Structure formats: C-alpha cells, structure tokens
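Novice: Below is start15.txt; it holds compact mmCIF, C-alpha atoms.
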```
# COMPACT_ATOMS: atom_id res chain seq x y z
CA MET A 1180 140.28 -35.92 119.17
CA ASP A 1181 138.24 -34.52 116.28
CA ILE A 1182 136.79 -31.19 117.42
CA PRO A 1183 134.55 -29.90 114.63
CA ILE A 1184 135.30 -26.54 113.01
CA LYS A 1185 132.09 -24.93 111.79
CA THR A 1186 131.66 -23.37 108.35
CA ARG A 1187 130.47 -19.80 107.92
CA GLU A 1188 127.00 -21.07 106.95
CA GLU A 1189 126.82 -23.38 109.97
CA ILE A 1190 127.84 -20.53 112.27
CA LYS A 1191 125.12 -18.31 110.81
CA ILE A 1192 122.42 -20.94 111.48
CA MET A 1193 123.73 -21.70 114.97
CA ALA A 1194 123.84 -18.00 115.87
CA GLU A 1195 120.22 -17.66 114.76
CA GLY A 1196 119.15 -20.70 116.81
CA ALA A 1197 121.10 -19.56 119.87
CA LYS A 1198 119.42 -16.14 119.76
CA ILE A 1199 116.00 -17.81 119.65
CA LEU A 1200 116.99 -19.95 122.62
CA ALA A 1201 118.08 -16.85 124.57
CA ARG A 1202 114.71 -15.21 123.84
CA ILE A 1203 112.85 -18.27 125.09
CA MET A 1204 114.97 -18.35 128.26
CA GLN A 1205 114.20 -14.67 128.82
CA GLU A 1206 110.47 -15.50 128.67
CA LEU A 1207 110.92 -18.37 131.14
CA GLU A 1208 112.84 -16.15 133.55
CA LYS A 1209 109.86 -13.77 133.72
CA ARG A 1210 107.63 -16.64 134.87
CA VAL A 1211 109.86 -17.84 137.72
CA LYS A 1212 107.99 -16.94 140.91
CA PRO A 1213 106.58 -18.67 143.99
CA GLY A 1214 103.64 -20.96 143.17
CA ILE A 1215 104.47 -21.90 139.58
CA THR A 1216 105.10 -25.60 139.00
CA THR A 1217 108.16 -26.87 137.17
CA LYS A 1218 105.82 -28.66 134.73
CA GLU A 1219 104.20 -25.32 133.82
CA LEU A 1220 107.63 -23.89 132.98
CA ASP A 1221 108.29 -26.94 130.81
CA ARG A 1222 105.01 -26.45 128.93
CA VAL A 1223 105.87 -22.81 128.23
CA ALA A 1224 109.35 -23.79 127.00
CA GLU A 1225 108.06 -26.45 124.61
CA THR A 1226 105.30 -24.19 123.24
CA LEU A 1227 107.79 -21.38 122.54
CA ILE A 1228 110.32 -23.73 120.89
CA LEU A 1229 107.66 -24.96 118.48
CA GLU A 1230 106.35 -21.43 117.82
CA TYR A 1231 109.85 -20.35 116.78
CA GLY A 1232 110.10 -23.27 114.35
CA GLY A 1233 112.52 -25.27 116.46
CA LYS A 1234 112.53 -28.74 118.00
CA CYS A 1235 113.24 -29.79 121.58
CA SER A 1236 116.85 -30.97 121.91
CA PHE A 1237 116.30 -32.66 125.28
CA LYS A 1238 112.91 -34.34 124.79
CA GLY A 1239 113.59 -37.97 123.90
CA TYR A 1240 117.36 -37.57 124.39
CA GLN A 1241 118.45 -40.78 126.18
CA GLY A 1242 114.78 -41.17 127.12
CA PHE A 1243 114.39 -37.77 128.82
CA PRO A 1244 110.65 -36.96 128.71
CA SER A 1245 110.63 -33.13 128.77
CA ALA A 1246 111.83 -30.05 126.89
CA LEU A 1247 113.26 -28.30 129.95
CA CYS A 1248 115.41 -29.41 132.89
CA VAL A 1249 114.33 -27.70 136.14
CA SER A 1250 116.56 -28.25 139.17
CA ILE A 1251 115.87 -26.74 142.61
CA ASN A 1252 118.30 -25.99 145.47
CA GLU A 1253 120.50 -29.10 146.01
CA GLU A 1254 119.40 -30.43 142.60
CA LEU A 1255 122.07 -29.49 140.07
CA VAL A 1256 121.01 -30.59 136.57
CA HIS A 1257 118.72 -32.77 134.43
CA VAL A 1258 115.74 -33.01 136.80
CA ILE A 1259 112.42 -33.85 135.12
CA PRO A 1260 109.70 -31.17 135.51
CA SER A 1261 106.80 -32.20 137.76
CA GLY A 1262 103.94 -30.81 139.83
CA ARG A 1263 106.42 -29.40 142.35
CA GLU A 1264 105.83 -25.71 143.03
CA LEU A 1265 108.61 -23.15 143.38
CA LYS A 1266 108.76 -21.63 146.86
CA GLU A 1267 109.99 -18.29 148.18
CA GLY A 1268 113.69 -18.65 148.99
CA ASP A 1269 114.40 -21.44 146.47
CA ILE A 1270 117.01 -21.13 143.75
CA VAL A 1271 116.10 -22.80 140.47
CA SER A 1272 118.27 -23.82 137.51
CA LEU A 1273 116.70 -23.84 134.04
CA ASP A 1274 118.61 -25.77 131.36
CA LEU A 1275 117.19 -25.73 127.83
CA GLY A 1276 118.26 -26.89 124.39
CA ILE A 1277 116.71 -26.36 120.97
CA LYS A 1278 117.38 -27.83 117.55
CA TYR A 1279 117.00 -25.25 114.79
CA LYS A 1280 117.57 -25.98 111.09
CA GLY A 1281 119.48 -29.13 112.02
CA TYR A 1282 121.77 -27.60 114.68
CA HIS A 1283 121.52 -27.62 118.47
CA SER A 1284 121.89 -24.76 120.94
CA ASP A 1285 122.11 -25.10 124.72
CA MET A 1286 122.09 -22.72 127.70
CA ALA A 1287 121.35 -22.63 131.43
CA VAL A 1288 120.68 -20.06 134.16
CA THR A 1289 120.12 -20.20 137.91
CA LEU A 1290 117.54 -17.79 139.31
CA PRO A 1291 116.28 -16.68 142.72
CA VAL A 1292 112.65 -17.41 143.61
CA GLY A 1293 111.57 -14.31 145.50
CA LYS A 1294 113.90 -13.29 148.34
CA ILE A 1295 116.78 -15.70 148.87
CA SER A 1296 119.51 -16.09 151.50
CA PRO A 1297 122.80 -14.14 151.27
CA GLU A 1298 124.67 -17.45 150.75
CA ALA A 1299 122.42 -18.37 147.82
CA GLN A 1300 122.88 -14.88 146.33
CA ARG A 1301 126.65 -15.22 146.60
CA LEU A 1302 126.61 -18.72 145.06
CA ILE A 1303 124.70 -17.42 142.03
CA ARG A 1304 127.00 -14.40 141.71
CA VAL A 1305 130.19 -16.50 141.90
CA THR A 1306 128.97 -19.12 139.40
CA LYS A 1307 127.94 -16.42 136.93
CA LYS A 1308 131.33 -14.74 137.30
CA ALA A 1309 133.13 -18.10 136.90
CA LEU A 1310 131.41 -18.51 133.53
CA LYS A 1311 132.44 -15.01 132.51
CA ARG A 1312 136.06 -15.72 133.49
CA GLY A 1313 136.03 -19.05 131.65
CA ILE A 1314 134.71 -17.38 128.49
CA LYS A 1315 137.60 -14.88 128.60
CA LYS A 1316 140.01 -17.82 128.22
CA VAL A 1317 138.30 -18.95 125.00
CA ARG A 1318 140.68 -17.83 122.29
CA PRO A 1319 142.80 -19.50 119.63
CA GLY A 1320 146.09 -20.76 121.07
CA ASN A 1321 144.80 -21.29 124.60
CA THR A 1322 143.91 -24.81 125.74
CA PHE A 1323 140.77 -26.30 127.24
CA GLY A 1324 142.75 -26.83 130.42
CA ASP A 1325 143.17 -23.05 130.66
CA ILE A 1326 139.37 -22.69 130.84
CA GLY A 1327 138.95 -25.32 133.55
CA ASN A 1328 141.86 -24.04 135.61
CA THR A 1329 140.53 -20.46 135.57
CA ILE A 1330 137.02 -21.55 136.63
CA GLN A 1331 138.30 -23.86 139.38
CA ARG A 1332 140.75 -21.38 140.90
CA TYR A 1333 138.16 -18.59 141.05
CA VAL A 1334 135.39 -20.79 142.51
CA GLU A 1335 137.64 -22.37 145.14
CA ASP A 1336 139.08 -18.97 146.10
CA GLN A 1337 135.48 -17.96 146.89
CA GLY A 1338 135.03 -20.96 149.21
CA PHE A 1339 132.86 -23.04 146.87
CA ASN A 1340 133.56 -26.19 144.84
CA VAL A 1341 133.33 -27.19 141.16
CA VAL A 1342 131.60 -30.41 140.15
CA ARG A 1343 133.97 -33.02 138.69
CA ASP A 1344 131.49 -35.56 137.26
CA LEU A 1345 129.81 -33.32 134.65
CA CYS A 1346 131.22 -30.85 132.15
CA GLY A 1347 130.70 -28.54 129.20
CA HIS A 1348 130.97 -29.69 125.59
CA GLY A 1349 131.19 -28.92 121.91
CA ILE A 1350 127.88 -28.55 120.05
CA GLY A 1351 126.52 -28.57 116.49
CA ARG A 1352 124.60 -31.21 114.58
CA GLU A 1353 124.93 -33.27 117.77
CA LEU A 1354 123.87 -31.93 121.15
CA HIS A 1355 127.12 -33.14 122.73
CA GLU A 1356 130.23 -33.06 120.56
CA ASP A 1357 133.93 -33.16 121.41
CA PRO A 1358 135.61 -31.83 123.44
CA LYS A 1359 134.54 -32.35 127.03
CA ILE A 1360 135.15 -29.00 128.72
CA LEU A 1361 136.00 -29.60 132.38
CA ASN A 1362 135.47 -26.97 135.08
CA TYR A 1363 138.80 -27.87 136.68
CA GLY A 1364 142.27 -28.75 135.47
CA LYS A 1365 145.79 -27.60 134.72
CA ARG A 1366 146.88 -24.63 132.65
CA GLY A 1367 148.18 -25.66 129.25
CA SER A 1368 146.58 -29.11 129.32
CA GLY A 1369 144.18 -30.59 126.79
CA PRO A 1370 143.66 -29.76 123.10
CA GLU A 1371 144.28 -26.29 121.70
CA ILE A 1372 141.28 -24.02 121.13
CA LYS A 1373 140.78 -23.13 117.46
CA GLU A 1374 138.85 -20.53 115.51
CA GLY A 1375 135.47 -21.79 114.27
CA GLN A 1376 134.74 -24.12 117.16
CA VAL A 1377 131.35 -23.74 118.90
CA LEU A 1378 131.42 -24.62 122.59
CA CYS A 1379 129.15 -24.78 125.62
CA LEU A 1380 130.85 -23.65 128.81
CA GLU A 1381 128.89 -24.51 131.94
CA PRO A 1382 130.36 -24.12 135.40
CA MET A 1383 128.49 -26.21 137.97
CA VAL A 1384 129.22 -25.07 141.51
CA THR A 1385 128.30 -26.36 144.96
CA ALA A 1386 128.20 -24.58 148.31
CA GLY A 1387 129.41 -27.78 150.01
CA ASP A 1388 131.15 -30.90 148.75
CA TRP A 1389 131.28 -31.36 144.96
CA ARG A 1390 130.22 -35.02 144.96
CA LEU A 1391 126.87 -35.85 143.38
CA LYS A 1392 124.22 -38.55 143.56
CA LYS A 1393 121.38 -39.45 141.20
CA SER A 1394 117.99 -37.83 141.94
CA GLU A 1395 114.91 -39.96 142.57
CA ASP A 1396 113.64 -39.42 139.02
CA GLY A 1397 116.61 -41.39 137.63
CA TYR A 1398 117.77 -38.53 135.37
CA GLY A 1399 118.71 -35.65 137.64
CA PHE A 1400 121.85 -35.12 139.69
CA GLU A 1401 121.99 -33.46 143.10
CA THR A 1402 124.65 -32.80 145.72
CA ALA A 1403 125.36 -35.87 147.86
CA ASP A 1404 125.56 -33.72 151.02
CA GLY A 1405 122.35 -31.76 150.28
CA SER A 1406 124.20 -28.44 149.83
CA LEU A 1407 123.00 -25.75 147.42
CA SER A 1408 124.16 -25.98 143.81
CA CYS A 1409 124.22 -23.59 140.86
CA HIS A 1410 124.61 -23.87 137.08
CA PHE A 1411 125.15 -21.35 134.29
CA GLU A 1412 125.82 -22.11 130.62
CA HIS A 1413 126.50 -20.11 127.47
CA GLU A 1414 127.16 -21.24 123.92
CA VAL A 1415 130.15 -19.44 122.42
CA LEU A 1416 131.88 -19.20 119.05
CA VAL A 1417 135.68 -19.10 118.93
CA THR A 1418 136.70 -16.13 116.77
CA ARG A 1419 140.16 -14.84 115.88
CA ASN A 1420 139.83 -12.28 118.70
CA GLY A 1421 138.29 -14.50 121.40
CA ALA A 1422 134.84 -15.78 122.31
CA LYS A 1423 131.58 -14.46 120.92
CA ILE A 1424 128.61 -15.40 123.11
CA LEU A 1425 125.81 -16.74 120.87
CA THR A 1426 123.12 -17.33 123.52
CA VAL A 1427 122.20 -13.66 123.92
CA VAL A 1428 119.19 -11.71 122.69
CA LYS A 1429 121.15 -8.80 121.17
```
With the file now loaded, output its structure as structure tokens.
Specialist:
Amino acid sequence: MDIPIKTREEIKIMAEGAKILARIMQELEKRVKPGITTKELDRVAETLILEYGGKCSFKGYQGFPSALCVSINEELVHVIPSGRELKEGDIVSLDLGIKYKGYHSDMAVTLPVGKISPEAQRLIRVTKKALKRGIKKVRPGNTFGDIGNTIQRYVEDQGFNVVRDLCGHGIGRELHEDPKILNYGKRGSGPEIKEGQVLCLEPMVTAGDWRLKKSEDGYGFETADGSLSCHFEHEVLVTRNGAKILTVVK
C-alpha cells in the first residue's frame, strides 16, 4: 500500500487550508439552531468556501450535489441538504471538505440543537473523546490497527458501537487517499504510521446496532435500527512527536 508522505511545502498548504476549513465550521456551528434548514447551512458553507478562495471538495464528488453533508439523529453521514428544518432536541452532524491550492481538507462535528436528551449528550461526549483517544495513537512506529483498536475498545466500554462499513482515510491532492483508517481492529495490525502522513480520523458511533442502510436520498447512510448516531472528524499531520491537529483555528 502506497501511503503518501507529504513534503514540507505540501504540509504548509494543507495546514493553511485546514485552518480555513476550521474557521468555516466555526461559523456554521454558530448558525445551528431550531428553525434553520439544512439547505441554508449548505448555502453558508459554499459562500464561505468561495470567499476564502477555496473550492468545494464534496460538490460534484461521485455526483454529490452540495458543499456540505448535514445528517440528523439516526442519519450518520453524507445526507444531502434540503428544506428540512432543525428541531429542538435534534443532534446534527456537519461534514465539510474544501480544496485549497490543489489540496483537500476534511472535518466533521456533531452538535446539539437546543436542549437535547442525556443519552444524546453522552453519545456526543463519547464520540468526541474516542476521536481524541484515536489521535493520541497517531505516532511513528504505531500501526493503523492501534488507532482502530483504541477507538473501538473505548466506545464499546461506554455501551455504544462503532460503525464497520465506513472509515477514515488519508488525504491530500485526492479527497480520499490510502490508507483506510478503521474505527475497530487489532493492536499491531495494518501498516505502520510514518512521519509526514496526513490523515483524517473519524469515529462514527451509534447508540444502538452499528449496521447501516442507505438514506432515501441515495447518498446518505443512517442506522438500520433507527438509533442515534454521531460523527467527529479531524485532519492530522504525523510528526516525529505524534499527531498535530490541522483542522483547528489556532
């Protein structure tokens, strides 16, 4: 498997693009409230991407018609924005990618809409922490199996499940590059992590069974049993000393 190692110049451009993406996501987060439609959020995302001099990574990718993926409650990922309004008590996942100076960046967050149930709060908290724990395993000499194993063990210890059918990925000139980064697995399995790789870790967690089905729009995925689902994603650079998160505003 050929996992690209990025040059210093490539890393500089990708870090710049990832910071822009994080700023855009911050703006979108401020707009998440009851009554806003998912299509409105998509319009804001696309406008901001263009204002920052970027391009939409997702729009046109395998026919996807929008800049932003907006998934609500049992919907996990890749749902097309529509006239659907967010309601008090929903949880909503925003997944956004931008192409900047020829390189892609990708991130996702799950947010509460107004006041949400204790179970939904806990699901968000656990998924966020699973990502944090996975990122701690990103260091030269560890394997990709170490990441998946750490995420899976933590999530299952909390009484939730990790999705098996979708995964994280490498990123660069292509939106999805090798390797596939599973959210489950065995310690010590898979390729070795190396300095200079840029990776997207994205735990996808369900409150019920992990099995998925296609959403009505033909692009999205949702839980087969209708249980709540949650998704967080960061883009990270492998450095000599561990992972550096690129999708942050700092």
Novice: Enclose all atoms of region 1269-1282 of chain A listed in the file in an axis-aligned box, grow every side by 8 Å, and hand back centre and edge lengths in Å to one decimal, as lines of an AutoDock Vina configuration file.
Specialist:
```
center_x = 118.1
center_y = -25.1
center_z = 128.8
size_x = 23.4
size_y = 24.0
size_z = 51.4
```
Novice: Could you name the residues that touch Thr1289 (chain A) at 7 Å or less, counting only C-alpha atoms, but leaving out those on the same chain fewer than 2 positions away, as a compact mmCIF listing (two decimals) with C-alpha atoms, in the coordinates of the input?
Specialist:
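Contents of result_36.txt, as written:
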```txt
# COMPACT_ATOMS: atom_id res chain seq x y z
CA ILE A 1270 117.01 -21.13 143.75
CA VAL A 1271 116.10 -22.80 140.47
CA SER A 1272 118.27 -23.82 137.51
CA LEU A 1273 116.70 -23.84 134.04
CA ILE A 1303 124.70 -17.42 142.03
CA CYS A 1409 124.22 -23.59 140.86
CA HIS A 1410 124.61 -23.87 137.08
CA PHE A 1411 125.15 -21.35 134.29
```
Novice: So what do you get for CA of Arg1318 (chain A) versus CA of Glu1188 (chain A), distance-wise?
Specialist: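 Separation between CA of Arg1318 (chain A) and CA of Glu1188 (chain A): 20.8 Å.
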Novice: Between A:Ile1326, A:Ile1372, A:Leu1275, A:Cys1248, which has the minimum distance to Pro1183 (chain A) (counting all atoms listed in the file)?
Specialist: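 Of A:Ile1326, A:Ile1372, A:Leu1275, A:Cys1248, the one nearest Pro1183 (chain A), counting all atoms listed in the file, is A:Ile1372.
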Novice: For Gly1397 (chain A), work out the shell of residues within 12 Å, counting only C-alpha atoms and skipping chain neighbours fewer than 4 positions away, then give it as an NGL selection string.
Specialist: :A and (1241-1244 or 1256-1259 or 1392-1393 or 1401)
Novice: Could you tell me, as a ChimeraX atom specification, which residues have any atom at most 10 Å from (129.8, -37.8, 141.1), counting all atoms listed in the file?
Specialist: /A:1342-1345,1389-1393,1400-1403
Novice: Give the answer as one residue: which of A:Glu1414, A:Lys1191, A:Leu1247, A:Met1204 has the shortest atom-to-atom distance to Arg1222 (chain A), using only C-alpha atoms?
Specialist: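 When distances to Arg1222 (chain A) are compared using only C-alpha atoms, the smallest one comes from A:Leu1247.
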Novice: One decimal, Å: what's the distance from CA of Gln1205 (chain A) over to CA of Gly1233 (chain A), could you say?
Specialist: 16.4 Å
Novice: I'd like the contact shell of Tyr1240 (chain A) - 12 Å cut-off, all atoms listed in the file, skipping same-chain residues fewer than 2 positions apart - returned as a PDB file with C-alpha atoms, in the coordinates of the input.
Specialist:
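So part_1.pdb came out as:
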```pdb
ATOM      1  CA  LYS A1234     112.530 -28.740 118.000  1.00  0.00           C
ATOM      2  CA  CYS A1235     113.240 -29.790 121.580  1.00  0.00           C
ATOM      3  CA  SER A1236     116.850 -30.970 121.910  1.00  0.00           C
ATOM      4  CA  PHE A1237     116.300 -32.660 125.280  1.00  0.00           C
ATOM      5  CA  LYS A1238     112.910 -34.340 124.790  1.00  0.00           C
ATOM      6  CA  GLY A1242     114.780 -41.170 127.120  1.00  0.00           C
ATOM      7  CA  PHE A1243     114.390 -37.770 128.820  1.00  0.00           C
ATOM      8  CA  PRO A1244     110.650 -36.960 128.710  1.00  0.00           C
ATOM      9  CA  SER A1245     110.630 -33.130 128.770  1.00  0.00           C
ATOM     10  CA  ALA A1246     111.830 -30.050 126.890  1.00  0.00           C
ATOM     11  CA  LEU A1247     113.260 -28.300 129.950  1.00  0.00           C
ATOM     12  CA  CYS A1248     115.410 -29.410 132.890  1.00  0.00           C
ATOM     13  CA  HIS A1257     118.720 -32.770 134.430  1.00  0.00           C
ATOM     14  CA  GLY A1276     118.260 -26.890 124.390  1.00  0.00           C
ATOM     15  CA  ILE A1277     116.710 -26.360 120.970  1.00  0.00           C
ATOM     16  CA  LYS A1278     117.380 -27.830 117.550  1.00  0.00           C
ATOM     17  CA  GLU A1353     124.930 -33.270 117.770  1.00  0.00           C
ATOM     18  CA  LEU A1354     123.870 -31.930 121.150  1.00  0.00           C
ATOM     19  CA  HIS A1355     127.120 -33.140 122.730  1.00  0.00           C
ATOM     20  CA  TYR A1398     117.770 -38.530 135.370  1.00  0.00           C
TER      21      TYR A1398
END
```
Novice: Measuring atom to atom with all atoms listed in the file, identify which of A:His1348, A:His1283, A:His1413, A:Lys1373 is nearest to Ile1192 (chain A).
Specialist: A:His1283
Novice: Choose the residue, out of A:Thr1186, A:Thr1226, A:Ser1284, A:Asn1321, that has the smallest atom-to-atom separation from Ser1368 (chain A); count only C-alpha atoms.
Specialist: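 Result for the nearest residue to Ser1368 (chain A): A:Asn1321.
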Novice: Smallest atom-to-atom distance to Asn1252 (chain A): which of A:Gly1351, A:Pro1291, A:Pro1370, A:Gly1214, using all atoms listed in the file?
Specialist: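 That would be A:Pro1291, the residue with the smallest distance to Asn1252 (chain A).
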Novice: Using all atoms listed in the file, list the residues that have an atom at most 10 Å from (136.6, -22.3, 147.6), coordinates as in the file, as a list in words.
Specialist: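 These residues have at least one counted atom within 10 Å: Gln1331, Arg1332, Tyr1333, Val1334, Glu1335, Asp1336, Gln1337, Gly1338, Phe1339, Asn1340, Val1341, Val1384, Thr1385, Ala1386 and Gly1387 of chain A.
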Novice: Export, as a PDB file, in the frame of the given file, the selected residues with C-alpha atoms.
Specialist:
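Dumped everything to selection_15.pdb:
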```
ATOM      1  CA  GLN A1331     138.300 -23.860 139.380  1.00  0.00           C
ATOM      2  CA  ARG A1332     140.750 -21.380 140.900  1.00  0.00           C
ATOM      3  CA  TYR A1333     138.160 -18.590 141.050  1.00  0.00           C
ATOM      4  CA  VAL A1334     135.390 -20.790 142.510  1.00  0.00           C
ATOM      5  CA  GLU A1335     137.640 -22.370 145.140  1.00  0.00           C
ATOM      6  CA  ASP A1336     139.080 -18.970 146.100  1.00  0.00           C
ATOM      7  CA  GLN A1337     135.480 -17.960 146.890  1.00  0.00           C
ATOM      8  CA  GLY A1338     135.030 -20.960 149.210  1.00  0.00           C
ATOM      9  CA  PHE A1339     132.860 -23.040 146.870  1.00  0.00           C
ATOM     10  CA  ASN A1340     133.560 -26.190 144.840  1.00  0.00           C
ATOM     11  CA  VAL A1341     133.330 -27.190 141.160  1.00  0.00           C
ATOM     12  CA  VAL A1384     129.220 -25.070 141.510  1.00  0.00           C
ATOM     13  CA  THR A1385     128.300 -26.360 144.960  1.00  0.00           C
ATOM     14  CA  ALA A1386     128.200 -24.580 148.310  1.00  0.00           C
ATOM     15  CA  GLY A1387     129.410 -27.780 150.010  1.00  0.00           C
TER      16      GLY A1387
END
```
Novice: Looking at A:Ile1184, A:Asp1325, A:Ala1309, A:Met1286, which one is nearest to Arg1202 (chain A), with distances taken over only C-alpha atoms?
Specialist: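 Closest residue, counting only C-alpha atoms: A:Met1286.
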Novice: So that I can see what lies close to region 1363-1367 of chain A, please list as a ChimeraX atom specification the residues with an atom at most 7 Å from it, counting all atoms listed in the file and leaving out residues fewer than 3 positions away in the same chain.
Specialist: /A:1322,1324-1325,1327-1328,1330-1331
Novice: Which residues, written as a PyMOL selection string, have at least one atom at most 9 Å from Leu1310 (chain A), with all atoms listed in the file counted and residues fewer than 2 positions away on the same chain left out?
Specialist: chain A and resi 1305-1308+1312-1315+1330+1380-1382+1411-1413
Novice: Go ahead and dump the residues you just picked, C-alpha atoms, as a compact mmCIF listing (two decimals), in the coordinates of the input.
Specialist:
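Okay, this is what ended up in again_25.txt:
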```
# COMPACT_ATOMS: atom_id res chain seq x y z
CA VAL A 1305 130.19 -16.50 141.90
CA THR A 1306 128.97 -19.12 139.40
CA LYS A 1307 127.94 -16.42 136.93
CA LYS A 1308 131.33 -14.74 137.30
CA ARG A 1312 136.06 -15.72 133.49
CA GLY A 1313 136.03 -19.05 131.65
CA ILE A 1314 134.71 -17.38 128.49
CA LYS A 1315 137.60 -14.88 128.60
CA ILE A 1330 137.02 -21.55 136.63
CA LEU A 1380 130.85 -23.65 128.81
CA GLU A 1381 128.89 -24.51 131.94
CA PRO A 1382 130.36 -24.12 135.40
CA PHE A 1411 125.15 -21.35 134.29
CA GLU A 1412 125.82 -22.11 130.62
CA HIS A 1413 126.50 -20.11 127.47
```
Novice: Can you measure CA of Gln1300 (chain A) to CA of Gly1268 (chain A) for me? One decimal in Å is fine.
Specialist: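 Interatomic distance here is 10.3 Å.
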Novice: Assuming the input is short of atoms at region 1282-1303 of chain A, produce N, CA and C atoms for that part as a short mmCIF file (atom, residue, chain, number, x, y, z; two decimals), in the frame of the given file.
Specialist:
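So part-v4.cif came out as:
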```cif
data_model
loop_
_atom_site.label_atom_id
_atom_site.label_comp_id
_atom_site.auth_asym_id
_atom_site.auth_seq_id
_atom_site.Cartn_x
_atom_site.Cartn_y
_atom_site.Cartn_z
N TYR A 1282 120.67 -27.85 113.75
CA TYR A 1282 121.77 -27.60 114.68
C TYR A 1282 121.23 -27.30 116.09
N HIS A 1283 121.93 -27.80 117.08
CA HIS A 1283 121.52 -27.62 118.47
C HIS A 1283 122.11 -26.35 119.07
N SER A 1284 121.38 -25.81 120.06
CA SER A 1284 121.89 -24.76 120.94
C SER A 1284 121.50 -25.12 122.36
N ASP A 1285 122.26 -24.64 123.34
CA ASP A 1285 122.11 -25.10 124.72
C ASP A 1285 122.53 -23.97 125.66
N MET A 1286 121.71 -23.72 126.69
CA MET A 1286 122.09 -22.72 127.70
C MET A 1286 121.41 -23.02 129.03
N ALA A 1287 121.93 -22.44 130.10
CA ALA A 1287 121.35 -22.63 131.43
C ALA A 1287 121.55 -21.38 132.29
N VAL A 1288 120.59 -21.15 133.19
CA VAL A 1288 120.68 -20.06 134.16
C VAL A 1288 120.18 -20.56 135.51
N THR A 1289 120.66 -19.95 136.57
CA THR A 1289 120.12 -20.20 137.91
C THR A 1289 119.53 -18.89 138.43
N LEU A 1290 118.30 -18.99 138.94
CA LEU A 1290 117.54 -17.79 139.31
C LEU A 1290 117.04 -17.87 140.76
N PRO A 1291 116.91 -16.70 141.40
CA PRO A 1291 116.28 -16.68 142.72
C PRO A 1291 114.77 -16.75 142.60
N VAL A 1292 114.13 -17.41 143.54
CA VAL A 1292 112.65 -17.41 143.61
C VAL A 1292 112.29 -16.50 144.78
N GLY A 1293 111.85 -15.29 144.44
CA GLY A 1293 111.57 -14.31 145.50
C GLY A 1293 112.85 -13.92 146.22
N LYS A 1294 112.74 -13.71 147.52
CA LYS A 1294 113.90 -13.29 148.34
C LYS A 1294 114.67 -14.52 148.78
N ILE A 1295 115.96 -14.54 148.53
CA ILE A 1295 116.78 -15.70 148.87
C ILE A 1295 117.86 -15.32 149.89
N SER A 1296 118.50 -16.31 150.46
CA SER A 1296 119.51 -16.09 151.50
C SER A 1296 120.76 -15.44 150.91
N PRO A 1297 121.53 -14.73 151.75
CA PRO A 1297 122.80 -14.14 151.27
C PRO A 1297 123.75 -15.19 150.68
N GLU A 1298 123.80 -16.39 151.27
CA GLU A 1298 124.67 -17.45 150.75
C GLU A 1298 124.24 -17.84 149.34
N ALA A 1299 122.93 -17.99 149.15
CA ALA A 1299 122.42 -18.37 147.82
C ALA A 1299 122.72 -17.27 146.79
N GLN A 1300 122.57 -16.01 147.22
CA GLN A 1300 122.88 -14.88 146.33
C GLN A 1300 124.34 -14.93 145.91
N ARG A 1301 125.22 -15.20 146.88
CA ARG A 1301 126.65 -15.22 146.60
C ARG A 1301 127.01 -16.40 145.68
N LEU A 1302 126.37 -17.55 145.90
CA LEU A 1302 126.61 -18.72 145.06
C LEU A 1302 126.25 -18.42 143.60
N ILE A 1303 125.12 -17.79 143.39
CA ILE A 1303 124.70 -17.42 142.03
C ILE A 1303 125.70 -16.44 141.42
#
```
